[in-house]
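Q: coords-v9.csv is reproduced below (CSV, C-alpha atoms and all ligand atoms).
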```
chain,number,residue,atom,x,y,z
O,1,MET,CA,-7.8,-45.2,8.1
O,2,ASN,CA,-7.2,-41.7,9.5
O,3,SER,CA,-10.1,-39.3,10.1
O,4,ASN,CA,-8.8,-36.9,7.4
O,5,GLN,CA,-8.9,-39.7,4.7
O,6,ILE,CA,-11.8,-40.3,2.3
O,7,MET,CA,-11.7,-43.5,0.3
O,8,VAL,CA,-13.5,-43.9,-3.0
O,9,ILE,CA,-14.1,-47.0,-5.1
O,10,TYR,CA,-15.9,-46.7,-8.4
O,11,GLY,CA,-18.3,-49.1,-9.9
O,12,ASN,CA,-21.9,-50.4,-9.4
O,13,GLU,CA,-21.3,-53.9,-8.1
O,14,PRO,CA,-21.2,-53.5,-4.3
O,15,GLN,CA,-20.4,-57.1,-3.5
O,16,LYS,CA,-17.1,-56.7,-5.4
O,17,MET,CA,-16.4,-53.2,-4.1
O,18,ILE,CA,-17.1,-53.5,-0.4
O,19,PRO,CA,-14.4,-56.0,0.6
O,20,PRO,CA,-11.5,-54.0,-0.9
O,21,LEU,CA,-13.0,-50.7,0.4
O,22,LEU,CA,-13.3,-52.0,4.0
O,23,ASP,CA,-9.9,-53.6,3.8
O,24,ALA,CA,-8.4,-50.3,2.8
O,25,ALA,CA,-10.4,-48.5,5.4
O,26,GLY,CA,-8.9,-50.9,8.1
O,27,LEU,CA,-12.4,-51.5,9.6
O,28,LEU,CA,-11.3,-54.7,11.3
O,29,ASP,CA,-8.6,-52.9,13.3
O,30,ASP,CA,-11.3,-50.8,14.9
O,31,LEU,CA,-13.5,-53.6,16.1
O,32,LYS,CA,-13.5,-56.0,19.1
O,33,LYS,CA,-15.2,-59.3,18.8
O,34,ASP,CA,-17.8,-58.6,21.4
O,35,PHE,CA,-18.8,-55.2,19.9
O,36,VAL,CA,-22.5,-54.6,19.1
O,37,ILE,CA,-22.3,-53.1,15.6
O,38,GLY,CA,-25.2,-51.0,14.5
O,39,ILE,CA,-25.7,-50.5,10.8
O,40,LYS,CA,-27.9,-47.5,9.8
O,41,PRO,CA,-29.0,-47.5,6.1
O,42,ASN,CA,-31.2,-44.9,4.6
O,43,LEU,CA,-34.7,-46.3,4.1
O,44,VAL,CA,-36.5,-43.1,4.4
O,45,VAL,CA,-39.4,-44.4,2.2
O,46,ALA,CA,-40.4,-47.8,1.0
O,47,LYS,CA,-38.9,-47.5,-2.5
O,48,GLU,CA,-36.2,-49.6,-4.1
O,49,SER,CA,-32.7,-48.2,-4.3
O,50,SER,CA,-33.0,-47.8,-8.1
O,51,SER,CA,-35.4,-44.8,-7.3
O,52,GLY,CA,-32.4,-42.9,-5.8
O,53,ALA,CA,-34.0,-42.8,-2.4
O,54,THR,CA,-32.7,-45.8,-0.4
O,55,THR,CA,-29.5,-47.6,0.4
O,56,ASP,CA,-28.8,-50.5,-2.0
O,57,PRO,CA,-29.5,-53.8,-0.1
O,58,GLU,CA,-26.6,-55.5,-2.0
O,59,LEU,CA,-24.2,-52.9,-0.5
O,60,VAL,CA,-25.6,-53.4,3.1
O,61,GLY,CA,-25.6,-57.2,2.5
O,62,ALA,CA,-21.9,-57.0,1.5
O,63,VAL,CA,-21.0,-55.0,4.6
O,64,VAL,CA,-22.9,-57.6,6.8
O,65,GLU,CA,-21.2,-60.5,5.0
O,66,TYR,CA,-17.8,-58.9,5.4
O,67,LEU,CA,-18.3,-58.5,9.1
O,68,LYS,CA,-19.7,-62.0,9.5
O,69,VAL,CA,-16.9,-63.6,7.6
O,70,HIS,CA,-14.5,-62.0,10.0
O,71,GLY,CA,-16.3,-63.3,13.0
O,72,PHE,CA,-18.4,-60.3,14.0
O,73,ASN,CA,-21.8,-61.6,14.9
O,74,ASN,CA,-23.4,-58.9,17.1
O,75,LEU,CA,-24.9,-56.9,14.2
O,76,LEU,CA,-28.2,-55.1,13.9
O,77,ILE,CA,-29.7,-53.1,11.1
O,78,MET,CA,-31.7,-50.2,12.4
O,79,GLU,CA,-33.9,-47.5,10.8
O,80,SER,CA,-36.9,-45.4,11.2
O,81,SER,CA,-38.5,-44.3,7.9
O,82,TRP,CA,-39.9,-40.8,7.6
O,83,VAL,CA,-43.1,-39.8,9.3
O,84,GLY,CA,-46.0,-41.4,7.5
O,85,ASP,CA,-44.1,-44.4,6.1
O,86,SER,CA,-43.7,-47.8,7.7
O,87,THR,CA,-40.2,-48.9,8.4
O,88,LYS,CA,-41.3,-52.5,8.3
O,89,ARG,CA,-42.7,-51.9,4.8
O,90,ALA,CA,-39.5,-50.2,3.8
O,91,PHE,CA,-37.4,-53.2,5.1
O,92,LYS,CA,-39.6,-55.5,2.9
O,93,VAL,CA,-39.8,-53.4,-0.2
O,94,CYS,CA,-36.1,-52.4,-0.1
O,95,GLY,CA,-34.9,-56.0,0.1
O,96,TYR,CA,-33.7,-56.0,3.7
O,97,GLU,CA,-35.8,-58.9,4.9
O,98,GLU,CA,-33.7,-61.1,2.6
O,99,ILE,CA,-30.4,-59.8,4.2
O,100,SER,CA,-31.9,-60.5,7.6
O,101,ARG,CA,-32.8,-64.0,6.7
O,102,LYS,CA,-29.6,-64.8,4.9
O,103,PHE,CA,-27.2,-63.5,7.5
O,104,ASP,CA,-29.4,-63.9,10.6
O,105,VAL,CA,-29.2,-60.2,11.4
O,106,PRO,CA,-32.1,-58.5,13.2
O,107,LEU,CA,-34.0,-55.6,11.6
O,108,ILE,CA,-34.8,-53.0,14.2
O,109,ASP,CA,-37.7,-50.7,13.5
O,110,LEU,CA,-36.7,-47.7,15.6
O,111,LYS,CA,-40.3,-46.4,15.6
O,112,ASP,CA,-40.8,-49.2,18.2
O,113,ASP,CA,-37.8,-48.2,20.2
O,114,ALA,CA,-37.6,-46.4,23.5
O,115,TYR,CA,-35.8,-43.1,23.6
O,116,SER,CA,-33.6,-41.0,25.9
O,117,GLU,CA,-33.5,-37.3,26.3
O,118,VAL,CA,-30.1,-35.8,25.9
O,119,ARG,CA,-29.3,-32.1,26.5
O,120,VAL,CA,-27.0,-30.4,24.0
O,121,ASP,CA,-26.6,-26.7,24.9
O,122,ASP,CA,-30.0,-25.1,24.7
O,123,LEU,CA,-31.7,-28.1,23.0
O,124,THR,CA,-33.0,-31.3,24.6
O,125,LEU,CA,-32.9,-34.0,21.9
O,126,ARG,CA,-35.0,-37.2,22.0
O,127,ILE,CA,-32.9,-40.0,20.6
O,128,CYS,CA,-33.8,-43.7,20.1
O,129,SER,CA,-32.2,-46.0,22.7
O,130,LYS,CA,-30.7,-48.7,20.4
O,131,PRO,CA,-28.4,-46.4,18.4
O,132,LEU,CA,-27.1,-44.8,21.6
O,133,LYS,CA,-26.2,-48.2,23.0
O,134,VAL,CA,-24.2,-49.8,20.1
O,135,ASP,CA,-20.5,-50.0,20.4
O,136,TYR,CA,-19.8,-49.1,16.8
O,137,LEU,CA,-22.1,-47.2,14.4
O,138,ILE,CA,-21.8,-47.7,10.7
O,139,ASN,CA,-23.8,-45.1,8.9
O,140,ILE,CA,-24.7,-46.0,5.3
O,141,PRO,CA,-26.5,-43.0,3.7
O,142,VAL,CA,-27.3,-42.3,0.1
O,143,LEU,CA,-25.8,-39.4,-1.8
O,144,LYS,CA,-28.8,-37.2,-2.5
O,145,ALA,CA,-29.8,-33.6,-3.0
O,146,HIS,CA,-32.6,-32.4,-0.7
O,147,CYS,CA,-35.2,-29.8,-1.4
O,148,GLN,CA,-34.8,-28.1,2.0
O,149,THR,CA,-31.2,-28.7,3.2
O,150,LYS,CA,-29.7,-29.2,-0.3
O,151,LEU,CA,-27.7,-32.3,0.8
O,152,THR,CA,-28.8,-35.4,2.6
O,153,CYS,CA,-25.9,-37.7,3.3
O,154,ALA,CA,-24.0,-38.7,6.5
O,155,LEU,CA,-25.2,-36.2,9.1
O,156,LYS,CA,-28.8,-36.0,8.1
O,157,ASN,CA,-29.2,-39.8,7.9
O,158,LEU,CA,-28.9,-39.8,11.7
O,159,LYS,CA,-32.4,-38.3,11.7
O,160,GLY,CA,-33.6,-41.8,11.2
O,161,CYS,CA,-32.5,-42.5,14.8
O,162,ILE,CA,-35.0,-40.3,16.5
O,163,PRO,CA,-38.7,-40.8,17.2
O,164,ASP,CA,-41.3,-39.5,14.7
O,165,SER,CA,-42.4,-36.7,17.1
O,166,GLU,CA,-38.8,-35.5,17.2
O,167,LYS,CA,-38.5,-35.6,13.4
O,168,ARG,CA,-41.5,-33.2,13.3
O,169,ARG,CA,-39.9,-31.0,15.9
O,170,PHE,CA,-36.6,-31.0,13.9
O,171,HIS,CA,-38.5,-29.5,11.0
O,172,SER,CA,-40.0,-26.8,13.2
O,173,LEU,CA,-36.5,-26.0,14.4
O,174,GLY,CA,-35.3,-25.4,10.8
O,175,LEU,CA,-33.4,-28.8,10.5
O,176,HIS,CA,-29.8,-27.5,10.4
O,177,LYS,CA,-29.3,-26.8,14.1
O,178,PRO,CA,-30.9,-30.0,15.4
O,179,ILE,CA,-29.1,-32.1,12.8
O,180,ALA,CA,-25.7,-30.7,13.8
O,181,TYR,CA,-26.5,-31.1,17.5
O,182,LEU,CA,-27.7,-34.7,17.0
O,183,SER,CA,-24.3,-35.6,15.5
O,184,THR,CA,-22.6,-34.5,18.7
O,185,VAL,CA,-24.4,-37.2,20.6
O,186,LEU,CA,-24.7,-40.0,18.1
O,187,LYS,CA,-21.1,-40.7,17.2
O,188,THR,CA,-20.6,-42.3,13.8
O,189,HIS,CA,-17.5,-44.5,13.7
O,190,LEU,CA,-17.6,-45.2,10.0
O,191,THR,CA,-19.6,-43.7,7.1
O,192,ILE,CA,-20.0,-45.7,3.9
O,193,VAL,CA,-21.9,-43.6,1.3
O,194,ASP,CA,-24.0,-45.4,-1.2
O,195,ALA,CA,-23.2,-43.1,-4.2
O,196,ILE,CA,-24.0,-45.7,-6.8
O,197,ILE,CA,-27.4,-44.1,-7.4
O,198,GLY,CA,-28.6,-41.1,-5.5
O,199,ASP,CA,-31.1,-38.4,-6.3
O,200,LEU,CA,-30.8,-35.2,-8.1
O,201,THR,CA,-33.3,-33.2,-6.1
O,202,PHE,CA,-35.3,-35.1,-3.5
O,203,GLU,CA,-34.7,-37.3,-0.5
O,204,GLU,CA,-37.6,-39.5,-1.5
O,205,GLY,CA,-36.1,-40.3,-4.9
O,206,GLY,CA,-37.8,-40.2,-8.3
O,207,THR,CA,-35.0,-38.4,-10.1
O,208,PRO,CA,-32.2,-40.9,-9.7
O,209,VAL,CA,-28.7,-40.1,-10.9
O,210,GLN,CA,-26.1,-42.8,-11.3
O,211,MET,CA,-22.8,-41.7,-9.7
O,212,ASN,CA,-21.2,-45.2,-9.6
O,213,ARG,CA,-19.1,-45.0,-6.5
O,214,ILE,CA,-19.0,-45.9,-2.8
O,215,ILE,CA,-17.2,-43.6,-0.4
O,216,ALA,CA,-15.9,-44.3,3.1
O,217,GLY,CA,-14.7,-42.0,5.8
O,218,LYS,CA,-14.5,-41.8,9.6
O,219,ASP,CA,-15.3,-38.1,9.9
O,220,PRO,CA,-19.0,-37.6,8.9
O,221,VAL,CA,-18.5,-33.8,8.6
O,222,LEU,CA,-15.7,-34.2,6.2
O,223,VAL,CA,-17.6,-36.9,4.3
O,224,ASP,CA,-20.6,-34.5,4.0
O,225,ALA,CA,-18.4,-31.5,2.9
O,226,TYR,CA,-16.9,-33.8,0.2
O,227,ALA,CA,-20.3,-35.2,-0.8
O,228,ALA,CA,-21.7,-31.6,-1.1
O,229,GLN,CA,-19.0,-30.9,-3.8
O,230,LEU,CA,-19.8,-34.1,-5.6
O,231,ILE,CA,-23.4,-32.9,-6.2
O,232,GLY,CA,-22.4,-29.3,-7.0
O,233,TYR,CA,-22.6,-27.5,-3.7
O,234,GLU,CA,-20.2,-26.0,-1.2
O,235,LYS,CA,-20.3,-26.8,2.5
O,236,ASP,CA,-21.5,-23.2,3.1
O,237,ASP,CA,-24.6,-24.0,1.1
O,238,ILE,CA,-25.5,-26.5,3.8
O,239,PRO,CA,-25.3,-24.8,7.3
O,240,TYR,CA,-25.5,-28.0,9.4
O,241,ILE,CA,-22.0,-29.0,8.0
O,242,SER,CA,-20.2,-25.9,9.3
O,243,LEU,CA,-22.3,-26.0,12.5
O,244,ALA,CA,-21.3,-29.6,13.2
O,245,GLU,CA,-17.6,-28.6,12.6
O,246,ARG,CA,-18.0,-25.7,15.1
O,247,LEU,CA,-19.4,-28.2,17.6
O,248,GLY,CA,-16.3,-30.3,17.3
O,249,VAL,CA,-17.8,-33.2,15.4
O,250,GLY,CA,-15.3,-33.1,12.6
O,251,CYS,CA,-13.5,-31.0,9.9
O,252,ALA,CA,-15.4,-29.4,7.0
O,253,ASP,CA,-12.3,-28.3,5.1
O,254,VAL,CA,-12.1,-30.6,2.1
O,255,THR,CA,-8.7,-29.1,1.2
O,256,LYS,CA,-7.3,-30.9,4.3
O,257,ALA,CA,-8.7,-34.3,3.2
O,258,GLU,CA,-6.6,-37.0,1.7
O,259,VAL,CA,-8.9,-38.5,-1.0
O,260,ILE,CA,-7.8,-42.0,-1.9
O,261,GLU,CA,-9.3,-43.4,-5.1
O,262,LEU,CA,-8.9,-47.2,-5.1
O,263,ASN,CA,-9.7,-47.6,-8.8
O,264,GLN,CA,-10.9,-45.6,-11.8
O,265,GLY,CA,-14.4,-45.2,-13.2
O,266,THR,CA,-15.4,-47.2,-16.2
O,267,ASN,CA,-18.1,-46.8,-18.8
O,268,SER,CA,-19.1,-50.4,-18.6
O,269,GLY,CA,-21.7,-52.0,-16.3
O,270,LYS,CA,-25.4,-51.6,-15.7
O,271,LYS,CA,-27.0,-48.3,-16.8
O,272,PHE,CA,-30.3,-47.3,-15.1
O,273,GLU,CA,-33.2,-45.6,-16.8
O,274,ALA,CA,-33.1,-41.8,-16.6
O,275,SER,CA,-36.0,-39.8,-15.3
O,276,ARG,CA,-37.7,-37.1,-17.3
O,277,GLN,CA,-35.9,-34.4,-15.3
O,278,VAL,CA,-32.5,-36.0,-16.1
O,279,MET,CA,-33.5,-36.4,-19.7
O,280,ALA,CA,-34.3,-32.7,-19.9
O,281,LEU,CA,-30.8,-31.8,-18.6
O,282,ALA,CA,-29.3,-34.4,-21.0
O,283,LYS,CA,-30.4,-32.1,-23.8
O,284,TYR,CA,-27.4,-29.9,-23.0
O,285,VAL,CA,-25.0,-32.8,-23.3
O,286,VAL,CA,-23.3,-34.7,-26.2
O,287,GLU,CA,-22.3,-38.0,-24.6
O,288,LYS,CA,-20.2,-40.8,-26.0
O,289,ASP,CA,-19.1,-43.7,-23.8
O,290,ALA,CA,-19.0,-41.6,-20.7
O,291,CYS,CA,-18.5,-43.3,-17.3
O,292,SER,CA,-21.6,-42.9,-15.1
O,293,ALA,CA,-19.4,-41.3,-12.4
O,294,CYS,CA,-18.5,-38.5,-14.9
O,295,TYR,CA,-21.9,-38.2,-16.5
O,296,GLY,CA,-23.7,-38.1,-13.1
O,297,SER,CA,-21.4,-35.3,-12.0
O,298,LEU,CA,-22.3,-33.3,-15.1
O,299,ILE,CA,-26.1,-33.9,-14.6
O,300,HIS,CA,-25.9,-32.7,-11.0
O,301,ALA,CA,-23.9,-29.6,-12.1
O,302,LEU,CA,-26.5,-28.7,-14.8
O,303,GLU,CA,-29.3,-29.1,-12.2
O,304,ARG,CA,-27.4,-26.7,-9.8
O,305,LEU,CA,-27.1,-24.2,-12.7
O,306,ARG,CA,-30.8,-24.6,-13.4
O,307,GLU,CA,-31.6,-23.9,-9.7
O,308,ARG,CA,-29.6,-20.7,-9.9
O,309,GLY,CA,-31.5,-19.6,-13.1
O,310,LYS,CA,-28.3,-19.8,-15.2
O,311,LEU,CA,-28.9,-22.9,-17.4
O,312,ASN,CA,-30.8,-21.1,-20.1
O,313,ALA,CA,-27.7,-19.1,-20.8
O,314,LEU,CA,-25.9,-22.2,-21.8
O,315,LYS,CA,-26.2,-22.1,-25.6
O,316,ALA,CA,-23.6,-24.6,-26.6
O,317,LYS,CA,-23.7,-28.3,-25.9
O,318,VAL,CA,-21.2,-29.9,-23.5
O,319,TYR,CA,-19.1,-32.9,-24.7
O,320,ILE,CA,-18.3,-35.7,-22.3
O,321,GLY,CA,-17.1,-39.3,-22.6
O,322,GLN,CA,-14.3,-41.7,-23.6
O,323,GLY,CA,-15.6,-41.6,-27.2
O,324,PHE,CA,-14.1,-38.1,-27.5
O,325,LYS,CA,-10.6,-39.1,-26.4
O,326,GLY,CA,-8.0,-37.7,-28.8
O,327,GLN,CA,-10.5,-35.7,-30.8
O,328,LYS,CA,-10.2,-32.0,-31.6
O,329,ILE,CA,-13.6,-30.4,-31.1
O,330,GLU,CA,-14.7,-26.8,-31.2
O,331,GLY,CA,-16.8,-26.6,-28.0
O,332,ILE,CA,-16.9,-27.2,-24.3
O,333,GLY,CA,-15.5,-30.5,-22.9
O,334,ILE,CA,-16.0,-32.0,-19.4
O,335,GLY,CA,-13.4,-34.5,-18.1
O,336,LEU,CA,-10.0,-35.7,-19.1
O,337,CYS,CA,-11.4,-37.6,-22.1
O,338,ALA,CA,-12.8,-34.4,-23.7
O,339,ARG,CA,-9.7,-32.3,-23.3
O,340,GLY,CA,-9.4,-32.0,-27.1
O,341,CYS,CA,-12.3,-29.5,-26.9
O,342,SER,CA,-11.4,-25.9,-27.4
O,343,ILE,CA,-12.4,-25.2,-23.8
O,344,SER,CA,-12.3,-28.0,-21.3
O,345,LEU,CA,-12.3,-28.9,-17.6
O,346,PRO,CA,-10.0,-31.7,-16.5
O,347,GLY,CA,-10.8,-34.4,-13.9
O,348,CYS,CA,-11.5,-38.1,-14.1
O,349,PRO,CA,-14.2,-37.8,-13.0
O,350,PRO,CA,-14.5,-34.0,-12.2
O,351,LYS,CA,-16.7,-33.0,-9.2
O,352,ALA,CA,-20.0,-31.3,-9.9
O,353,ARG,CA,-18.9,-28.3,-7.9
O,354,ASP,CA,-15.9,-27.8,-10.2
O,355,ILE,CA,-18.2,-28.2,-13.3
O,356,VAL,CA,-20.6,-25.6,-11.9
O,357,GLU,CA,-17.7,-23.1,-11.3
O,358,PHE,CA,-16.3,-23.8,-14.7
O,359,LEU,CA,-19.6,-23.3,-16.6
O,360,GLU,CA,-20.5,-20.3,-14.5
O,361,ARG,CA,-17.2,-18.6,-15.5
O,362,LEU,CA,-18.0,-19.4,-19.2
O,363,LEU,CA,-21.5,-18.0,-18.9
O,364,LYS,CA,-20.4,-14.6,-17.4
O,401,LIG,S1,-12.9,-38.3,-17.9
O,401,LIG,FE1,-13.3,-40.1,-19.2
O,401,LIG,S2,-12.4,-41.9,-18.2
O,401,LIG,FE2,-12.5,-40.2,-16.7
O,401,LIG,S3,-14.5,-40.5,-15.7
O,401,LIG,FE3,-14.9,-39.1,-17.4
O,401,LIG,S4,-15.5,-40.4,-19.1
O,401,LIG,FE4,-14.6,-41.7,-17.6
```
So, in terms of structure tokens, how does the structure I just supplied come out?
A:
Amino acid sequence: MNSNQIMVIYGNEPQKMIPPLLDAAGLLDDLKKDFVIGIKPNLVVAKESSSGATTDPELVGAVVEYLKVHGFNNLLIMESSWVGDSTKRAFKVCGYEEISRKFDVPLIDLKDDAYSEVRVDDLTLRICSKPLKVDYLINIPVLKAHCQTKLTCALKNLKGCIPDSEKRRFHSLGLHKPIAYLSTVLKTHLTIVDAIIGDLTFEEGGTPVQMNRIIAGKDPVLVDAYAAQLIGYEKDDIPYISLAERLGVGCADVTKAEVIELNQGTNSGKKFEASRQVMALAKYVVEKDACSACYGSLIHALERLRERGKLNALKAKVYIGQGFKGQKIEGIGIGLCARGCSISLPGCPPKARDIVEFLERLLK
């Protein structure tokens, strides 16, 4: 896999999705048998992944199993939950103790770890020692919006590799600069984004949105720029992405990415219960057999319009889903299946960023 490539696999069964995704990404070609491989999920709080907050344990378990089956045994799962929450409790509540037992992989609570001080330009960063020492870092964030930085995905997930005192200091420094600087020191070799369920608004979950996909990329800046579009933002809405690019961490220009979709979304599989906030946005939608990947994009887009104070101007409902295939409808359609609508946006599934732009043009 080249650094300009982003691979996407749709679905919500990580055990079935991870092997073909990692085969396609050529992960094994990057590894040596004696490598210490660090796996960094997002367990910011002790809440199950269905809340939208944390990385699905089935996904991490599938990555661990893939590596073990291919003879890579020096693995560790490491995390430090946010200030005020116990990582050990998060490991337990989020289902990681089972992974540890089943595959004999240690769970490292980075709150107990030593740290090193690393100078980057005018900042001295305190970074936990274990993540600095691994030979290969697999970052497995969740695709979430964030109330302060708008996006939390690849780059921001590295904040779980610093001591609690440093997390507090990052906030006092405005988050963007230290997040970007941290990514110059902690090199991520592969990012695997859990975008099966993420969150509409908060890093601590509570407003989950089913997006039914897993994304892999080697360039964390490119992954974040792409992820931003998936939830209805542009990279320039999230300053740490462009700053990381300027610091040489990666490329933030999604137009230069080769996005490889390994399959297509479907409208089958498990559907998770919608939160009250998602239900409120769903009032603007007429849905019939929509794939969760498509519907989730629309929900994110409607939330971005709401944030900009534009949602109330949307007077007509928006049609989405395979049930509208081939139908002529007077109204607004989202996605290829609803192209029979008098006004429609193509895409299968479309990105939330494109839906936002499309609806904003209509609302002018
Ligand atoms: S356009 Fe249709 S088939 Fe494609 S993702 Fe949307 S609902 Fe599914």
Q: Write out as JSON lines the residues of chain O that have any atom within 9 Å of an atom of ligand LIG 401 (chain O), one row each with the nearest atom pair and its distance in Å to one decimal, counting all atoms listed in the file, sorted by chain and then rising number.
A:
```
{"residue": "O:Gln264", "atom": "CA", "partner": "O:LIG401", "partner_atom": "S3", "distance": 7.4}
{"residue": "O:Gly265", "atom": "CA", "partner": "O:LIG401", "partner_atom": "S3", "distance": 5.3}
{"residue": "O:Thr266", "atom": "CA", "partner": "O:LIG401", "partner_atom": "FE4", "distance": 5.7}
{"residue": "O:Asn267", "atom": "CA", "partner": "O:LIG401", "partner_atom": "FE4", "distance": 6.3}
{"residue": "O:Lys288", "atom": "CA", "partner": "O:LIG401", "partner_atom": "S4", "distance": 8.4}
{"residue": "O:Asp289", "atom": "CA", "partner": "O:LIG401", "partner_atom": "S4", "distance": 6.8}
{"residue": "O:Ala290", "atom": "CA", "partner": "O:LIG401", "partner_atom": "S4", "distance": 4.0}
{"residue": "O:Cys291", "atom": "CA", "partner": "O:LIG401", "partner_atom": "FE4", "distance": 4.2}
{"residue": "O:Ser292", "atom": "CA", "partner": "O:LIG401", "partner_atom": "S3", "distance": 7.5}
{"residue": "O:Ala293", "atom": "CA", "partner": "O:LIG401", "partner_atom": "S3", "distance": 6.0}
{"residue": "O:Cys294", "atom": "CA", "partner": "O:LIG401", "partner_atom": "FE3", "distance": 4.4}
{"residue": "O:Tyr295", "atom": "CA", "partner": "O:LIG401", "partner_atom": "FE3", "distance": 7.1}
{"residue": "O:Ile320", "atom": "CA", "partner": "O:LIG401", "partner_atom": "S4", "distance": 6.3}
{"residue": "O:Gly321", "atom": "CA", "partner": "O:LIG401", "partner_atom": "S4", "distance": 4.0}
{"residue": "O:Gln322", "atom": "CA", "partner": "O:LIG401", "partner_atom": "FE1", "distance": 4.8}
{"residue": "O:Gly323", "atom": "CA", "partner": "O:LIG401", "partner_atom": "S4", "distance": 8.2}
{"residue": "O:Phe324", "atom": "CA", "partner": "O:LIG401", "partner_atom": "FE1", "distance": 8.6}
{"residue": "O:Lys325", "atom": "CA", "partner": "O:LIG401", "partner_atom": "FE1", "distance": 7.8}
{"residue": "O:Ile334", "atom": "CA", "partner": "O:LIG401", "partner_atom": "S1", "distance": 7.2}
{"residue": "O:Gly335", "atom": "CA", "partner": "O:LIG401", "partner_atom": "S1", "distance": 3.8}
{"residue": "O:Leu336", "atom": "CA", "partner": "O:LIG401", "partner_atom": "S1", "distance": 4.1}
{"residue": "O:Cys337", "atom": "CA", "partner": "O:LIG401", "partner_atom": "FE1", "distance": 4.3}
{"residue": "O:Ala338", "atom": "CA", "partner": "O:LIG401", "partner_atom": "S1", "distance": 7.0}
{"residue": "O:Arg339", "atom": "CA", "partner": "O:LIG401", "partner_atom": "S1", "distance": 8.7}
{"residue": "O:Pro346", "atom": "CA", "partner": "O:LIG401", "partner_atom": "S1", "distance": 7.3}
{"residue": "O:Gly347", "atom": "CA", "partner": "O:LIG401", "partner_atom": "S1", "distance": 6.0}
{"residue": "O:Cys348", "atom": "CA", "partner": "O:LIG401", "partner_atom": "FE2", "distance": 3.5}
{"residue": "O:Pro349", "atom": "CA", "partner": "O:LIG401", "partner_atom": "S3", "distance": 3.8}
{"residue": "O:Pro350", "atom": "CA", "partner": "O:LIG401", "partner_atom": "FE3", "distance": 7.3}
```
Q: Separation of CA of Leu359 in chain O and CA of Leu314 in chain O, in Å?
A: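 Between these atoms lies a distance of 8.2 Å.
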Q: Per residue of range 224-301 of chain O within 12 Å of range 122-143 of chain O, which atom pair is closest and at what distance in Å (one decimal), using only C-alpha atoms, listed by chain and increasing number, as a Markdown table?
A:
```
| residue | atom | partner | partner_atom | distance |
| --- | --- | --- | --- | --- |
| O:Asp224 | CA | O:Leu143 | CA | 9.2 |
| O:Ala225 | CA | O:Leu143 | CA | 11.8 |
| O:Tyr226 | CA | O:Leu143 | CA | 10.7 |
| O:Ala227 | CA | O:Leu143 | CA | 7.0 |
| O:Ala228 | CA | O:Leu143 | CA | 8.8 |
| O:Gln229 | CA | O:Leu143 | CA | 11.1 |
| O:Leu230 | CA | O:Leu143 | CA | 8.9 |
| O:Ile231 | CA | O:Leu143 | CA | 8.2 |
| O:Gly232 | CA | O:Leu143 | CA | 11.9 |
| O:Gly296 | CA | O:Leu143 | CA | 11.6 |
| O:Ser297 | CA | O:Leu143 | CA | 11.8 |
| O:His300 | CA | O:Leu143 | CA | 11.4 |
```
Q: When distances are computed from all atoms listed in the file, which of O:Val318, O:Leu200, O:Ile18, O:Met7 shows the smallest separation from Val286 in chain O?
A: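 Nearest to Val286 in chain O: O:Val318.
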Q: Would you mind telling me which residue in O:Ala25, O:Asp121, O:Lys33, O:Gly206 lies nearest to Arg276 in chain O when using all atoms listed in the file?
A: O:Gly206
Q: Which residue, O:Val63, O:Val209, O:Val221, O:Leu345, has the smallest gap to Ala282 in chain O when you use all atoms listed in the file?
A: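 Among the listed residues, O:Val209 lies closest to Ala282 in chain O.
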Q: Report, in Å with one decimal, the straight-line distance from CA of Ala62 in chain O to CA of Val83 in chain O.
A: 28.4 Å
Q: Would you compute the distance between CA of Asp23 in chain O and CA of Val60 in chain O? Give it in Å to one decimal.
A: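 Computed distance, CA of Asp23 in chain O to CA of Val60 in chain O, equals 15.7 Å.
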Q: So which residues fall inside 7 Å of (-28.4, -33.7, -2.8) if we count only C-alpha atoms? Mind giving them as a ChimeraX atom specification?
A: /O:143-146,150-152,199-201,231
Q: For those residues, write C-alpha atoms to a file as a PDB file, keeping the file's coordinate frame.
A:
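For reference, result22.pdb as written:
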```pdb
ATOM      1  CA  LEU O 143     -25.800 -39.400  -1.800  1.00  0.00           C
ATOM      2  CA  LYS O 144     -28.800 -37.200  -2.500  1.00  0.00           C
ATOM      3  CA  ALA O 145     -29.800 -33.600  -3.000  1.00  0.00           C
ATOM      4  CA  HIS O 146     -32.600 -32.400  -0.700  1.00  0.00           C
ATOM      5  CA  LYS O 150     -29.700 -29.200  -0.300  1.00  0.00           C
ATOM      6  CA  LEU O 151     -27.700 -32.300   0.800  1.00  0.00           C
ATOM      7  CA  THR O 152     -28.800 -35.400   2.600  1.00  0.00           C
ATOM      8  CA  ASP O 199     -31.100 -38.400  -6.300  1.00  0.00           C
ATOM      9  CA  LEU O 200     -30.800 -35.200  -8.100  1.00  0.00           C
ATOM     10  CA  THR O 201     -33.300 -33.200  -6.100  1.00  0.00           C
ATOM     11  CA  ILE O 231     -23.400 -32.900  -6.200  1.00  0.00           C
TER      12      ILE O 231
END
```
Q: Which one of O:Pro106, O:Gly205, O:Pro220, O:Gly333 sits closest to Gly38 in chain O if you count only C-alpha atoms?
A: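 Closest residue, counting only C-alpha atoms: O:Pro106.
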Q: Determine, counting all atoms listed in the file, which protein, DNA and RNA residues have an atom within 9 Å of an atom of Asn263 in chain O; residues of the same chain fewer than 6 positions away are not included. Present the result as JSON, numbers by chain.
A: {"O": [8, 9, 10, 11]}
Q: Can you pull out every residue within 12 Å of Ala252 in chain O, counting all atoms listed in the file, but drop anything in the same chain fewer than 5 positions away, and send it as a PyMOL selection string?
A: chain O and resi 3-4+219-229+234-236+238-247+257
